[in-house]
>>> print(open('upload.csv').read())   # CSV, C-alpha atoms
chain,number,residue,atom,x,y,z
Q,1,MET,CA,-160.9,69.0,8.0
Q,2,LYS,CA,-163.2,71.8,6.9
Q,3,THR,CA,-166.9,71.2,7.0
Q,4,ASN,CA,-168.4,70.9,3.5
Q,5,PRO,CA,-172.1,71.6,3.8
Q,6,PHE,CA,-174.4,70.4,1.0
Q,7,ALA,CA,-176.8,73.3,1.5
Q,8,LEU,CA,-177.0,76.9,2.5
Q,9,PRO,CA,-180.3,78.0,4.0
Q,10,LEU,CA,-181.9,81.1,2.3
Q,11,VAL,CA,-183.2,82.4,5.7
Q,12,PHE,CA,-180.5,83.1,8.2
Q,13,LEU,CA,-180.6,83.4,12.0
Q,14,SER,CA,-181.6,86.9,13.1
Q,15,PHE,CA,-182.2,88.6,16.4
Q,16,CYS,CA,-184.9,91.2,17.1
Q,17,LEU,CA,-183.8,94.6,18.4
Q,18,ILE,CA,-183.3,94.6,22.1
Q,19,ASN,CA,-184.6,97.8,23.8
Q,20,SER,CA,-182.7,97.3,27.0
Q,21,CYS,CA,-178.9,96.6,27.2
Q,22,LYS,CA,-179.7,94.6,30.4
Q,23,SER,CA,-181.6,91.9,28.4
Q,24,THR,CA,-180.6,88.4,29.6
Q,25,GLU,CA,-179.3,85.6,27.4
Q,26,LYS,CA,-182.7,83.9,27.9
Q,27,ASP,CA,-184.5,87.0,26.6
Q,28,GLN,CA,-182.3,87.1,23.5
Q,29,ASN,CA,-183.0,83.5,22.8
Q,30,GLN,CA,-186.7,84.1,23.0
Q,31,ASN,CA,-186.3,86.7,20.2
Q,32,LEU,CA,-184.4,84.3,18.0
Q,33,THR,CA,-185.9,83.6,14.6
Q,34,LEU,CA,-185.1,80.0,13.4
Q,35,PRO,CA,-184.3,79.2,9.8
Q,36,THR,CA,-186.8,77.3,7.7
Q,37,HIS,CA,-186.0,74.3,5.5
Q,38,SER,CA,-185.4,76.6,2.5
Q,39,TYR,CA,-182.7,76.0,-0.1
Q,40,ILE,CA,-181.4,76.6,-3.5
Q,41,LEU,CA,-181.8,73.5,-5.6
Q,42,PHE,CA,-179.9,72.8,-8.8
Q,43,ILE,CA,-181.4,70.3,-11.2
Q,44,GLY,CA,-179.6,68.5,-14.0
Q,45,THR,CA,-181.6,66.9,-16.9
Q,46,TYR,CA,-181.5,65.1,-20.2
Q,47,THR,CA,-182.0,67.4,-23.2
Q,48,SER,CA,-181.7,64.8,-26.0
Q,49,GLY,CA,-181.0,61.2,-26.8
Q,50,THR,CA,-183.4,59.7,-24.3
Q,51,GLY,CA,-186.8,60.6,-25.6
Q,52,ASN,CA,-188.7,63.7,-26.5
Q,53,SER,CA,-187.2,66.0,-23.9
Q,54,LYS,CA,-188.3,69.6,-23.7
Q,55,SER,CA,-185.6,70.5,-21.2
Q,56,ASP,CA,-183.3,73.5,-21.4
Q,57,GLY,CA,-180.6,71.8,-19.4
Q,58,ILE,CA,-179.9,73.1,-15.9
Q,59,TYR,CA,-182.6,74.5,-13.7
Q,60,VAL,CA,-182.3,76.5,-10.5
Q,61,TYR,CA,-185.1,76.5,-8.0
Q,62,GLU,CA,-185.9,78.1,-4.7
Q,63,ALA,CA,-187.2,75.2,-2.6
Q,64,ASN,CA,-189.1,75.8,0.6
Q,65,LEU,CA,-189.8,72.4,2.2
Q,66,ASP,CA,-191.9,73.9,5.1
Q,67,SER,CA,-194.5,75.4,2.8
Q,68,MET,CA,-193.8,73.0,-0.1
Q,69,LYS,CA,-193.3,75.9,-2.5
Q,70,PHE,CA,-190.9,75.5,-5.4
Q,71,LYS,CA,-190.1,78.5,-7.6
Q,72,GLN,CA,-187.9,78.4,-10.7
Q,73,ILE,CA,-185.5,81.3,-10.6
Q,74,HIS,CA,-183.2,80.5,-13.5
Q,75,SER,CA,-182.5,78.0,-16.3
Q,76,LEU,CA,-179.6,77.7,-18.7
Q,77,LYS,CA,-179.4,75.8,-22.0
Q,78,VAL,CA,-176.8,73.1,-21.6
Q,79,SER,CA,-176.5,69.8,-23.5
Q,80,ASN,CA,-177.4,66.7,-21.4
Q,81,PRO,CA,-176.1,67.9,-18.0
Q,82,SER,CA,-177.0,64.6,-16.4
Q,83,TYR,CA,-174.8,64.9,-13.3
Q,84,LEU,CA,-173.8,68.0,-11.3
Q,85,CYS,CA,-171.5,68.9,-8.5
Q,86,LEU,CA,-170.7,72.1,-6.6
Q,87,SER,CA,-167.3,73.5,-5.9
Q,88,VAL,CA,-166.1,73.3,-2.3
Q,89,ASP,CA,-166.6,77.1,-1.9
Q,90,LYS,CA,-170.0,76.9,-3.5
Q,91,LYS,CA,-169.1,79.6,-6.1
Q,92,PHE,CA,-169.1,77.3,-9.1
Q,93,LEU,CA,-171.1,74.5,-10.6
Q,94,TYR,CA,-169.7,71.7,-12.7
Q,95,CYS,CA,-171.6,69.2,-14.9
Q,96,VAL,CA,-170.9,66.4,-17.3
Q,97,ASN,CA,-172.3,66.6,-20.8
Q,98,GLU,CA,-173.4,63.1,-21.4
Q,99,ASN,CA,-172.7,62.9,-25.1
Q,100,ASN,CA,-170.3,61.0,-27.4
Q,101,PRO,CA,-167.7,62.4,-27.3
Q,102,GLY,CA,-168.3,63.7,-23.8
Q,103,GLN,CA,-167.5,67.1,-22.3
Q,104,VAL,CA,-167.2,68.6,-18.8
Q,105,SER,CA,-168.5,72.2,-18.2
Q,106,ALA,CA,-168.0,74.9,-15.6
Q,107,PHE,CA,-170.4,77.6,-14.5
Q,108,GLY,CA,-170.2,80.6,-12.2
Q,109,ILE,CA,-172.9,81.2,-9.6
Q,110,ASP,CA,-173.8,84.8,-8.9
Q,111,THR,CA,-175.5,86.3,-5.8
Q,112,ALA,CA,-178.9,85.8,-7.4
Q,113,TYR,CA,-178.0,82.1,-8.0
Q,114,ASN,CA,-178.0,82.6,-11.8
Q,115,LEU,CA,-175.5,80.6,-13.7
Q,116,SER,CA,-173.0,81.9,-16.3
Q,117,PHE,CA,-171.0,79.6,-18.6
Q,118,ILE,CA,-167.2,79.6,-18.0
Q,119,ASN,CA,-165.8,76.8,-20.2
Q,120,SER,CA,-166.0,73.2,-21.4
Q,121,VAL,CA,-163.3,70.6,-22.0
Q,122,PRO,CA,-163.4,67.1,-23.4
Q,123,SER,CA,-164.2,64.4,-20.9
Q,124,GLN,CA,-161.6,62.1,-22.5
Q,125,GLY,CA,-164.3,59.5,-23.1
Q,126,SER,CA,-167.9,58.8,-24.1
Q,127,TYR,CA,-171.1,59.4,-22.2
Q,128,PRO,CA,-169.7,60.8,-18.9
Q,129,CYS,CA,-172.3,60.2,-16.2
Q,130,TYR,CA,-170.7,61.3,-12.9
Q,131,ILE,CA,-168.6,64.2,-11.6
Q,132,SER,CA,-167.2,65.2,-8.2
Q,133,THR,CA,-164.5,67.4,-6.7
Q,134,ASP,CA,-161.7,66.4,-4.4
Q,135,LYS,CA,-161.8,67.7,-0.8
Q,136,SER,CA,-159.4,70.5,-1.6
Q,137,GLY,CA,-161.5,71.8,-4.4
Q,138,GLN,CA,-158.5,71.9,-6.8
Q,139,TYR,CA,-159.5,69.0,-8.9
Q,140,VAL,CA,-162.6,67.5,-10.6
Q,141,MET,CA,-163.0,63.8,-11.4
Q,142,VAL,CA,-165.3,62.3,-14.0
Q,143,ALA,CA,-166.5,58.8,-14.8
Q,144,ASN,CA,-167.0,58.1,-18.6
Q,145,TYR,CA,-169.7,55.4,-18.8
Q,146,GLY,CA,-169.5,54.6,-22.5
Q,147,SER,CA,-165.7,54.2,-22.7
Q,148,GLY,CA,-165.1,52.9,-19.2
Q,149,SER,CA,-162.6,55.5,-18.2
Q,150,PHE,CA,-161.9,57.8,-15.3
Q,151,ALA,CA,-160.5,61.3,-15.8
Q,152,LEU,CA,-158.9,64.0,-13.6
Q,153,PHE,CA,-159.1,67.8,-14.3
Q,154,GLY,CA,-157.6,70.8,-12.6
Q,155,VAL,CA,-159.6,73.8,-11.4
Q,156,ASN,CA,-158.3,77.3,-12.0
Q,157,THR,CA,-158.8,80.2,-9.6
Q,158,ASP,CA,-161.6,81.6,-11.8
Q,159,GLY,CA,-163.4,78.3,-11.6
Q,160,SER,CA,-162.5,77.2,-15.2
Q,161,LEU,CA,-161.4,73.7,-15.9
Q,162,THR,CA,-158.0,72.7,-17.2
Q,163,LYS,CA,-157.7,70.0,-19.9
Q,164,SER,CA,-157.5,66.5,-18.5
Q,165,LEU,CA,-154.4,65.8,-16.3
Q,166,SER,CA,-154.8,62.1,-15.9
Q,167,VAL,CA,-156.9,59.3,-17.4
Q,168,ILE,CA,-157.3,55.7,-16.2
Q,169,GLN,CA,-158.8,53.3,-18.7
Q,170,ASP,CA,-160.5,50.2,-17.2
Q,171,LYS,CA,-160.4,46.9,-18.9
Q,172,GLY,CA,-162.3,43.6,-18.7
Q,173,LYS,CA,-166.0,42.5,-18.8
Q,174,GLY,CA,-168.6,40.9,-16.7
Q,175,THR,CA,-171.0,38.0,-16.9
Q,176,ASN,CA,-174.0,39.9,-18.3
Q,177,PRO,CA,-173.4,39.9,-22.1
Q,178,SER,CA,-175.8,42.8,-22.8
Q,179,ARG,CA,-174.6,45.2,-20.1
Q,180,GLN,CA,-171.1,44.0,-19.2
Q,181,GLU,CA,-169.5,43.5,-22.6
Q,182,GLY,CA,-166.8,45.9,-21.5
Q,183,PRO,CA,-166.0,48.4,-18.8
Q,184,HIS,CA,-168.6,51.0,-17.8
Q,185,ALA,CA,-167.3,53.6,-15.3
Q,186,HIS,CA,-170.2,54.9,-13.2
Q,187,MET,CA,-169.1,56.8,-10.2
Q,188,ILE,CA,-165.9,58.4,-8.8
Q,189,PHE,CA,-165.5,60.3,-5.6
Q,190,GLN,CA,-163.0,61.0,-2.8
Q,191,ASN,CA,-163.8,59.6,0.6
Q,192,ALA,CA,-163.5,62.5,3.0
Q,193,HIS,CA,-162.7,60.2,5.9
Q,194,ASN,CA,-159.5,58.6,4.5
Q,195,GLY,CA,-158.6,60.5,1.2
Q,196,TYR,CA,-158.9,57.4,-1.0
Q,197,ILE,CA,-160.8,57.7,-4.2
Q,198,TYR,CA,-163.4,55.0,-5.0
Q,199,ALA,CA,-164.6,54.4,-8.6
Q,200,THR,CA,-167.3,52.0,-9.6
Q,201,ASP,CA,-167.3,50.0,-12.8
Q,202,LEU,CA,-170.6,48.5,-13.7
Q,203,GLY,CA,-169.1,46.5,-16.6
Q,204,THR,CA,-166.4,44.7,-14.6
Q,205,ASP,CA,-168.1,44.2,-11.2
Q,206,GLN,CA,-165.5,46.1,-9.3
Q,207,VAL,CA,-164.9,49.2,-7.1
Q,208,ASN,CA,-161.5,50.6,-8.0
Q,209,ILE,CA,-159.3,52.2,-5.3
Q,210,PHE,CA,-157.2,55.2,-6.4
Q,211,THR,CA,-155.2,57.9,-4.7
Q,212,LEU,CA,-154.6,61.4,-5.9
Q,213,ASP,CA,-150.9,62.3,-6.4
Q,214,THR,CA,-151.0,66.1,-6.0
Q,215,LEU,CA,-147.3,66.5,-7.0
Q,216,GLU,CA,-147.7,64.6,-10.3
Q,217,LYS,CA,-151.3,65.8,-10.6
Q,218,LYS,CA,-152.6,62.4,-11.5
Q,219,LEU,CA,-154.7,59.5,-10.3
Q,220,ILE,CA,-152.8,56.4,-9.1
Q,221,ASN,CA,-154.5,53.0,-9.5
Q,222,HIS,CA,-153.5,50.7,-6.6
Q,223,ASN,CA,-154.7,47.6,-8.6
Q,224,ASN,CA,-156.5,46.2,-5.6
Q,225,PRO,CA,-160.1,46.6,-6.5
Q,226,TYR,CA,-163.0,45.4,-4.4
Q,227,LYS,CA,-164.9,42.7,-6.5
Q,228,THR,CA,-168.6,42.6,-6.1
Q,229,SER,CA,-170.7,39.5,-6.8
Q,230,ALA,CA,-170.6,38.4,-10.5
Q,231,GLY,CA,-173.1,40.2,-12.6
Q,232,ALA,CA,-174.1,42.7,-9.9
Q,233,GLY,CA,-173.2,45.8,-11.8
Q,234,PRO,CA,-172.0,48.3,-9.1
Q,235,ARG,CA,-173.4,51.7,-9.8
Q,236,HIS,CA,-173.4,54.1,-6.8
Q,237,ILE,CA,-171.9,54.2,-3.3
Q,238,SER,CA,-172.8,55.8,0.0
Q,239,ILE,CA,-170.5,56.0,3.0
Q,240,HIS,CA,-171.9,56.1,6.6
Q,241,PRO,CA,-171.2,59.3,8.5
Q,242,ASN,CA,-169.0,57.4,10.9
Q,243,GLY,CA,-166.6,56.7,8.0
Q,244,GLU,CA,-166.4,53.0,8.9
Q,245,TRP,CA,-169.0,51.4,6.5
Q,246,MET,CA,-169.5,51.6,2.7
Q,247,TYR,CA,-172.7,50.6,0.9
Q,248,ILE,CA,-172.5,49.7,-2.8
Q,249,LEU,CA,-175.7,49.7,-4.8
Q,250,ALA,CA,-175.7,47.2,-7.8
Q,251,GLU,CA,-177.8,48.3,-10.7
Q,252,LEU,CA,-178.2,44.8,-12.4
Q,253,SER,CA,-178.8,42.6,-9.4
Q,254,GLY,CA,-180.7,45.2,-7.2
Q,255,THR,CA,-178.5,44.3,-4.2
Q,256,ILE,CA,-176.5,46.4,-1.7
Q,257,GLU,CA,-173.1,45.1,-0.6
Q,258,ALA,CA,-172.0,46.5,2.8
Q,259,ALA,CA,-168.3,46.6,3.4
Q,260,LYS,CA,-166.0,47.6,6.3
Q,261,ILE,CA,-163.5,50.3,5.3
Q,262,ASP,CA,-159.9,50.0,6.3
Q,263,ASN,CA,-159.1,53.7,6.5
Q,264,THR,CA,-155.3,53.1,6.5
Q,265,THR,CA,-155.2,51.1,3.3
Q,266,GLY,CA,-158.5,52.0,1.7
Q,267,ARG,CA,-159.4,48.4,1.2
Q,268,LEU,CA,-162.9,47.0,1.7
Q,269,GLU,CA,-164.2,43.9,3.4
Q,270,LYS,CA,-167.8,42.8,2.7
Q,271,PHE,CA,-169.9,41.9,5.7
Q,272,GLN,CA,-173.4,41.8,4.2
Q,273,THR,CA,-175.4,41.5,0.9
Q,274,ILE,CA,-179.0,42.5,1.0
Q,275,SER,CA,-181.6,42.9,-1.7
Q,276,THR,CA,-183.5,46.2,-2.5
Q,277,LEU,CA,-186.3,44.1,-3.9
Q,278,ASN,CA,-189.4,43.0,-2.1
Q,279,THR,CA,-190.0,39.3,-1.4
Q,280,GLY,CA,-191.0,37.5,-4.6
Q,281,GLU,CA,-190.2,40.5,-6.9
Q,282,SER,CA,-188.7,39.2,-10.2
Q,283,ARG,CA,-188.8,42.3,-12.3
Q,284,TYR,CA,-185.5,44.0,-13.4
Q,285,PRO,CA,-184.5,46.5,-10.7
Q,286,GLY,CA,-182.4,49.0,-12.6
Q,287,SER,CA,-181.3,50.3,-9.2
Q,288,ALA,CA,-180.1,53.8,-9.5
Q,289,ASP,CA,-179.1,55.8,-6.4
Q,290,ILE,CA,-178.3,55.3,-2.7
Q,291,HIS,CA,-178.0,57.7,0.2
Q,292,ILE,CA,-177.9,57.7,4.0
Q,293,THR,CA,-179.6,60.2,6.3
Q,294,PRO,CA,-177.3,62.7,8.1
Q,295,ASP,CA,-177.8,61.0,11.4
Q,296,GLY,CA,-176.7,57.7,10.0
Q,297,LYS,CA,-179.9,55.9,11.0
Q,298,PHE,CA,-181.5,55.1,7.6
Q,299,LEU,CA,-180.5,54.2,4.1
Q,300,TYR,CA,-182.6,54.6,0.9
Q,301,ALA,CA,-182.1,53.2,-2.6
Q,302,THR,CA,-184.1,53.8,-5.8
Q,303,ASN,CA,-185.3,51.1,-8.2
Q,304,ARG,CA,-186.3,52.0,-11.8
Q,305,GLY,CA,-187.6,49.7,-14.5
Q,306,GLU,CA,-191.1,48.6,-13.9
Q,307,ILE,CA,-190.7,48.7,-10.1
Q,308,ASN,CA,-190.4,52.5,-9.5
Q,309,ASN,CA,-189.9,52.4,-5.7
Q,310,ILE,CA,-187.6,53.4,-2.9
Q,311,ALA,CA,-186.3,50.6,-0.7
Q,312,CYS,CA,-186.0,51.8,2.9
Q,313,PHE,CA,-183.5,50.3,5.4
Q,314,LYS,CA,-182.5,50.8,9.0
Q,315,ILE,CA,-178.8,50.8,9.8
Q,316,ASP,CA,-177.6,49.0,13.0
Q,317,SER,CA,-175.5,51.5,14.9
Q,318,GLN,CA,-173.2,48.8,16.2
Q,319,THR,CA,-172.6,46.5,13.3
Q,320,GLY,CA,-173.6,48.6,10.2
Q,321,LYS,CA,-175.9,45.9,9.0
Q,322,LEU,CA,-179.0,46.8,7.1
Q,323,SER,CA,-182.6,45.6,7.9
Q,324,VAL,CA,-185.6,46.3,5.6
Q,325,ILE,CA,-188.1,48.8,6.9
Q,326,GLY,CA,-190.3,48.8,3.8
Q,327,PHE,CA,-190.8,49.8,0.1
Q,328,THR,CA,-192.3,53.1,-0.9
Q,329,PRO,CA,-193.7,53.8,-4.4
Q,330,SER,CA,-191.5,56.5,-5.8
Q,331,GLY,CA,-194.5,58.4,-7.1
Q,332,GLY,CA,-193.4,58.6,-10.7
Q,333,ARG,CA,-191.6,56.8,-13.5
Q,334,THR,CA,-187.8,56.0,-13.6
Q,335,PRO,CA,-186.6,57.4,-10.2
Q,336,ARG,CA,-182.9,58.3,-10.7
Q,337,ASN,CA,-180.8,60.5,-8.5
Q,338,PHE,CA,-182.3,61.6,-5.2
Q,339,VAL,CA,-181.2,64.0,-2.4
Q,340,ILE,CA,-181.8,64.1,1.3
Q,341,ASP,CA,-182.0,67.6,2.8
Q,342,PRO,CA,-179.4,68.6,5.4
Q,343,SER,CA,-181.9,68.2,8.2
Q,344,GLY,CA,-182.6,64.6,7.2
Q,345,LYS,CA,-186.4,65.3,7.2
Q,346,PHE,CA,-187.1,65.4,3.5
Q,347,VAL,CA,-186.2,63.3,0.4
Q,348,LEU,CA,-186.5,64.7,-3.1
Q,349,VAL,CA,-186.5,62.1,-6.0
Q,350,ALA,CA,-185.9,63.0,-9.7
Q,351,HIS,CA,-188.2,61.0,-12.1
Q,352,GLN,CA,-186.7,61.0,-15.6
Q,353,ASP,CA,-189.7,59.6,-17.5
Q,354,SER,CA,-192.6,61.3,-15.8
Q,355,ASN,CA,-191.0,64.7,-15.8
Q,356,GLU,CA,-191.4,65.4,-12.1
Q,357,ILE,CA,-189.7,65.7,-8.7
Q,358,VAL,CA,-191.5,64.0,-5.8
Q,359,VAL,CA,-190.9,65.2,-2.3
Q,360,PHE,CA,-191.2,62.8,0.7
Q,361,SER,CA,-191.1,63.5,4.4
Q,362,VAL,CA,-189.0,61.1,6.6
Q,363,GLN,CA,-191.1,59.5,9.4
Q,364,GLU,CA,-189.6,58.7,12.8
Q,365,ASP,CA,-189.4,55.0,11.8
Q,366,GLY,CA,-187.6,55.8,8.6
Q,367,LEU,CA,-190.5,55.2,6.3
Q,368,LEU,CA,-191.2,57.8,3.6
Q,369,GLU,CA,-194.5,59.7,3.2
Q,370,LYS,CA,-195.3,61.5,-0.1
Q,371,ALA,CA,-195.7,65.2,0.6
Q,372,TYR,CA,-195.6,67.0,-2.8
Q,373,LYS,CA,-194.5,66.9,-6.4
Q,374,PHE,CA,-193.6,69.5,-9.1
Q,375,ASN,CA,-192.8,69.3,-12.8
Q,376,VAL,CA,-189.4,69.6,-14.3
Q,377,PRO,CA,-188.6,68.1,-17.8
Q,378,MET,CA,-186.5,64.9,-17.6
Q,379,PRO,CA,-184.8,65.5,-14.2
Q,380,VAL,CA,-182.0,63.1,-13.4
Q,381,CYS,CA,-179.7,64.9,-10.8
Q,382,LEU,CA,-180.5,67.1,-7.8
Q,383,LYS,CA,-178.0,69.1,-5.7
Q,384,PHE,CA,-178.7,71.5,-2.8
Q,385,LEU,CA,-176.5,74.5,-2.6
>>> encode(input="upload.csv", output="structure tokens")
Amino acid sequence: MKTNPFALPLVFLSFCLINSCKSTEKDQNQNLTLPTHSYILFIGTYTSGTGNSKSDGIYVYEANLDSMKFKQIHSLKVSNPSYLCLSVDKKFLYCVNENNPGQVSAFGIDTAYNLSFINSVPSQGSYPCYISTDKSGQYVMVANYGSGSFALFGVNTDGSLTKSLSVIQDKGKGTNPSRQEGPHAHMIFQNAHNGYIYATDLGTDQVNIFTLDTLEKKLINHNNPYKTSAGAGPRHISIHPNGEWMYILAELSGTIEAAKIDNTTGRLEKFQTISTLNTGESRYPGSADIHITPDGKFLYATNRGEINNIACFKIDSQTGKLSVIGFTPSGGRTPRNFVIDPSGKFVLVAHQDSNEIVVFSVQEDGLLEKAYKFNVPMPVCLKFL
């Protein structure tokens, strides 16, 4: 399996000129210049429909986490690009246009990290909210929240998207009449460890398990979904680096369900449910996003609503069980998507309603310490190149 890095440093390893051809390996290592935590950061935003947004659409920043300097180098007018993903070869960027009807758009990335529009196609549903590529980079998958459907698209050699190849329409409802009156697809991605595709449905309290038939070019529903607790509202998923454990964040209940992954069948078996809320907290969580540090030691989850915090957990390396470390104020209003840098030392959180991105440093014990913030209008999705 090829490595699929989430970030490419801007500063590369370089060696100083060596005056003598007899220099030892030790001497050469002393002349080595190490890379900094410097990246290209793509930011997806809301441009309309969720308040008085002044956003263009997609922003491109140069982010140096050592000096805490963030420089905008490009922006492109795009309608409601609320979720982004990069192509496997990092040459293209894709986004959903969270509208009704929804669209999916493709962009080229040039050597200066500017974006150029390639094409848009219908998302085959309303209010698409998530997009990802398969591990081969030949397909793009989308979750349509409003209509409760999942769609598959092909990727051409020039990065453009084909029309939809396959659509799976979920059915059913949950126990929450205001949020679960019908299916609400929220996330779809391919597990790199076993090839199965997992797709959350907030409206029906389930995680669907699909496979990708590359001969027929369609998604196959195995009709053996994992059922979360009633009324939980599963939103986002994170898989441990060891490929054995899945953590499912529920938006409505503010809980995380941890499940053992059967990498042969793709099926899930729950072994823990834990709350992202502090003891005695009764406010609506509106839990949004969940990620694990690259070393597999810590897990974080954001809560929105009136809470606006980040729940911090330690992961038991033997059992996969979570234990609470603490709760960190997110530093803004409505923390949505967040991203952990490849070194695992920094966490960047997008705050939709306070128009800012807050940067935290990860401490040795897993707790987060606020380090910096900078303004971007209505940010909701962050991706490192």
>>> closest_residue(input="upload.csv", among="Q:Ser253, Q:Asn114, Q:Thr265, Q:Thr157", to="Ile73 (chain Q)", atoms="only C-alpha atoms")
Q:Asn114
>>> closest_residue(input="upload.csv", among="Q:Val96, Q:Ile168, Q:Leu202, Q:Leu268", to="Ile220 (chain Q)", atoms="all atoms listed in the file")
Q:Ile168
>>> closest_atom_pairs(input="upload.csv", of="region 262-298 of chain Q", to="region 321-340 of chain Q", cutoff="12 Å", atoms="all atoms listed in the file", output="CSV")
residue,atom,partner,partner_atom,distance
Q:Lys270,CA,Q:Lys321,CA,10.7
Q:Phe271,CA,Q:Lys321,CA,7.9
Q:Gln272,CA,Q:Lys321,CA,6.8
Q:Thr273,CA,Q:Leu322,CA,8.9
Q:Ile274,CA,Q:Leu322,CA,7.5
Q:Ser275,CA,Q:Val324,CA,9.0
Q:Thr276,CA,Q:Val324,CA,8.4
Q:Leu277,CA,Q:Phe327,CA,8.3
Q:Asn278,CA,Q:Phe327,CA,7.3
Q:Thr279,CA,Q:Phe327,CA,10.6
Q:Glu281,CA,Q:Phe327,CA,11.7
Q:Pro285,CA,Q:Thr334,CA,10.5
Q:Gly286,CA,Q:Thr334,CA,8.9
Q:Ser287,CA,Q:Arg336,CA,8.3
Q:Ala288,CA,Q:Arg336,CA,5.4
Q:Asp289,CA,Q:Asn337,CA,5.4
Q:Ile290,CA,Q:Phe338,CA,7.9
Q:His291,CA,Q:Ile340,CA,7.5
Q:Ile292,CA,Q:Ile340,CA,8.0
Q:Thr293,CA,Q:Ile340,CA,6.7
Q:Pro294,CA,Q:Ile340,CA,8.3
Q:Asp295,CA,Q:Ile340,CA,11.3
Q:Gly296,CA,Q:Leu322,CA,11.5
Q:Lys297,CA,Q:Leu322,CA,9.9
Q:Phe298,CA,Q:Leu322,CA,8.7
>>> closest_residue(input="upload.csv", among="Q:Ala185, Q:Met141, Q:Leu385, Q:Ile357", to="Thr45 (chain Q)", atoms="only C-alpha atoms")
Q:Ile357
>>> residues_around(input="upload.csv", residues="Phe189 (chain Q)", least_positions_apart="2", cutoff="12 Å", atoms="all atoms listed in the file", output="short mmCIF file (atom, residue, chain, number, x, y, z; two decimals) with C-alpha atoms, keeping the file's coordinate frame")
data_model
loop_
_atom_site.label_atom_id
_atom_site.label_comp_id
_atom_site.auth_asym_id
_atom_site.auth_seq_id
_atom_site.Cartn_x
_atom_site.Cartn_y
_atom_site.Cartn_z
CA CYS Q 85 -171.50 68.90 -8.50
CA TYR Q 130 -170.70 61.30 -12.90
CA ILE Q 131 -168.60 64.20 -11.60
CA SER Q 132 -167.20 65.20 -8.20
CA THR Q 133 -164.50 67.40 -6.70
CA ASP Q 134 -161.70 66.40 -4.40
CA LYS Q 135 -161.80 67.70 -0.80
CA TYR Q 139 -159.50 69.00 -8.90
CA VAL Q 140 -162.60 67.50 -10.60
CA MET Q 141 -163.00 63.80 -11.40
CA VAL Q 142 -165.30 62.30 -14.00
CA ALA Q 143 -166.50 58.80 -14.80
CA PHE Q 150 -161.90 57.80 -15.30
CA ALA Q 151 -160.50 61.30 -15.80
CA LEU Q 152 -158.90 64.00 -13.60
CA ALA Q 185 -167.30 53.60 -15.30
CA HIS Q 186 -170.20 54.90 -13.20
CA MET Q 187 -169.10 56.80 -10.20
CA ASN Q 191 -163.80 59.60 0.60
CA ALA Q 192 -163.50 62.50 3.00
CA HIS Q 193 -162.70 60.20 5.90
CA ASN Q 194 -159.50 58.60 4.50
CA GLY Q 195 -158.60 60.50 1.20
CA TYR Q 196 -158.90 57.40 -1.00
CA ILE Q 197 -160.80 57.70 -4.20
CA TYR Q 198 -163.40 55.00 -5.00
CA ALA Q 199 -164.60 54.40 -8.60
CA THR Q 200 -167.30 52.00 -9.60
CA VAL Q 207 -164.90 49.20 -7.10
CA ASN Q 208 -161.50 50.60 -8.00
CA ILE Q 209 -159.30 52.20 -5.30
CA PHE Q 210 -157.20 55.20 -6.40
CA THR Q 211 -155.20 57.90 -4.70
CA LEU Q 212 -154.60 61.40 -5.90
CA LEU Q 219 -154.70 59.50 -10.30
CA HIS Q 236 -173.40 54.10 -6.80
CA ILE Q 237 -171.90 54.20 -3.30
CA SER Q 238 -172.80 55.80 0.00
CA ILE Q 239 -170.50 56.00 3.00
#
>>> closest_residue(input="upload.csv", among="Q:Asn119, Q:Ser55, Q:Asn80, Q:Thr204", to="Glu356 (chain Q)", atoms="only C-alpha atoms")
Q:Ser55
>>> atom_distance(input="upload.csv", atom1="CA of Leu76 (chain Q)", atom2="CA of Phe117 (chain Q)")
8.8 Å
>>> closest_residue(input="upload.csv", among="Q:Asn144, Q:Thr111, Q:Ser105, Q:Ser75", to="Lys163 (chain Q)", atoms="all atoms listed in the file")
Q:Ser105
>>> closest_residue(input="upload.csv", among="Q:Ser317, Q:Thr36, Q:Thr214, Q:Ser82", to="Asp66 (chain Q)", atoms="all atoms listed in the file")
Q:Thr36
>>> atom_distance(input="upload.csv", atom1="CA of Thr255 (chain Q)", atom2="CA of Ser126 (chain Q)")
26.8 Å
>>> atom_distance(input="upload.csv", atom1="CA of Cys381 (chain Q)", atom2="CA of Gly172 (chain Q)")
28.6 Å
>>> residues_around(input="upload.csv", residues="Lys77 (chain Q)", least_positions_apart="3", cutoff="12 Å", atoms="all atoms listed in the file", output="short mmCIF file (atom, residue, chain, number, x, y, z; two decimals) with C-alpha atoms, keeping the file's coordinate frame")
data_model
loop_
_atom_site.label_atom_id
_atom_site.label_comp_id
_atom_site.auth_asym_id
_atom_site.auth_seq_id
_atom_site.Cartn_x
_atom_site.Cartn_y
_atom_site.Cartn_z
CA GLY Q 44 -179.60 68.50 -14.00
CA THR Q 45 -181.60 66.90 -16.90
CA TYR Q 46 -181.50 65.10 -20.20
CA THR Q 47 -182.00 67.40 -23.20
CA SER Q 48 -181.70 64.80 -26.00
CA LYS Q 54 -188.30 69.60 -23.70
CA SER Q 55 -185.60 70.50 -21.20
CA ASP Q 56 -183.30 73.50 -21.40
CA GLY Q 57 -180.60 71.80 -19.40
CA ILE Q 58 -179.90 73.10 -15.90
CA TYR Q 59 -182.60 74.50 -13.70
CA VAL Q 60 -182.30 76.50 -10.50
CA HIS Q 74 -183.20 80.50 -13.50
CA ASN Q 80 -177.40 66.70 -21.40
CA PRO Q 81 -176.10 67.90 -18.00
CA ASN Q 97 -172.30 66.60 -20.80
CA PHE Q 107 -170.40 77.60 -14.50
CA LEU Q 115 -175.50 80.60 -13.70
CA SER Q 116 -173.00 81.90 -16.30
CA PHE Q 117 -171.00 79.60 -18.60
#
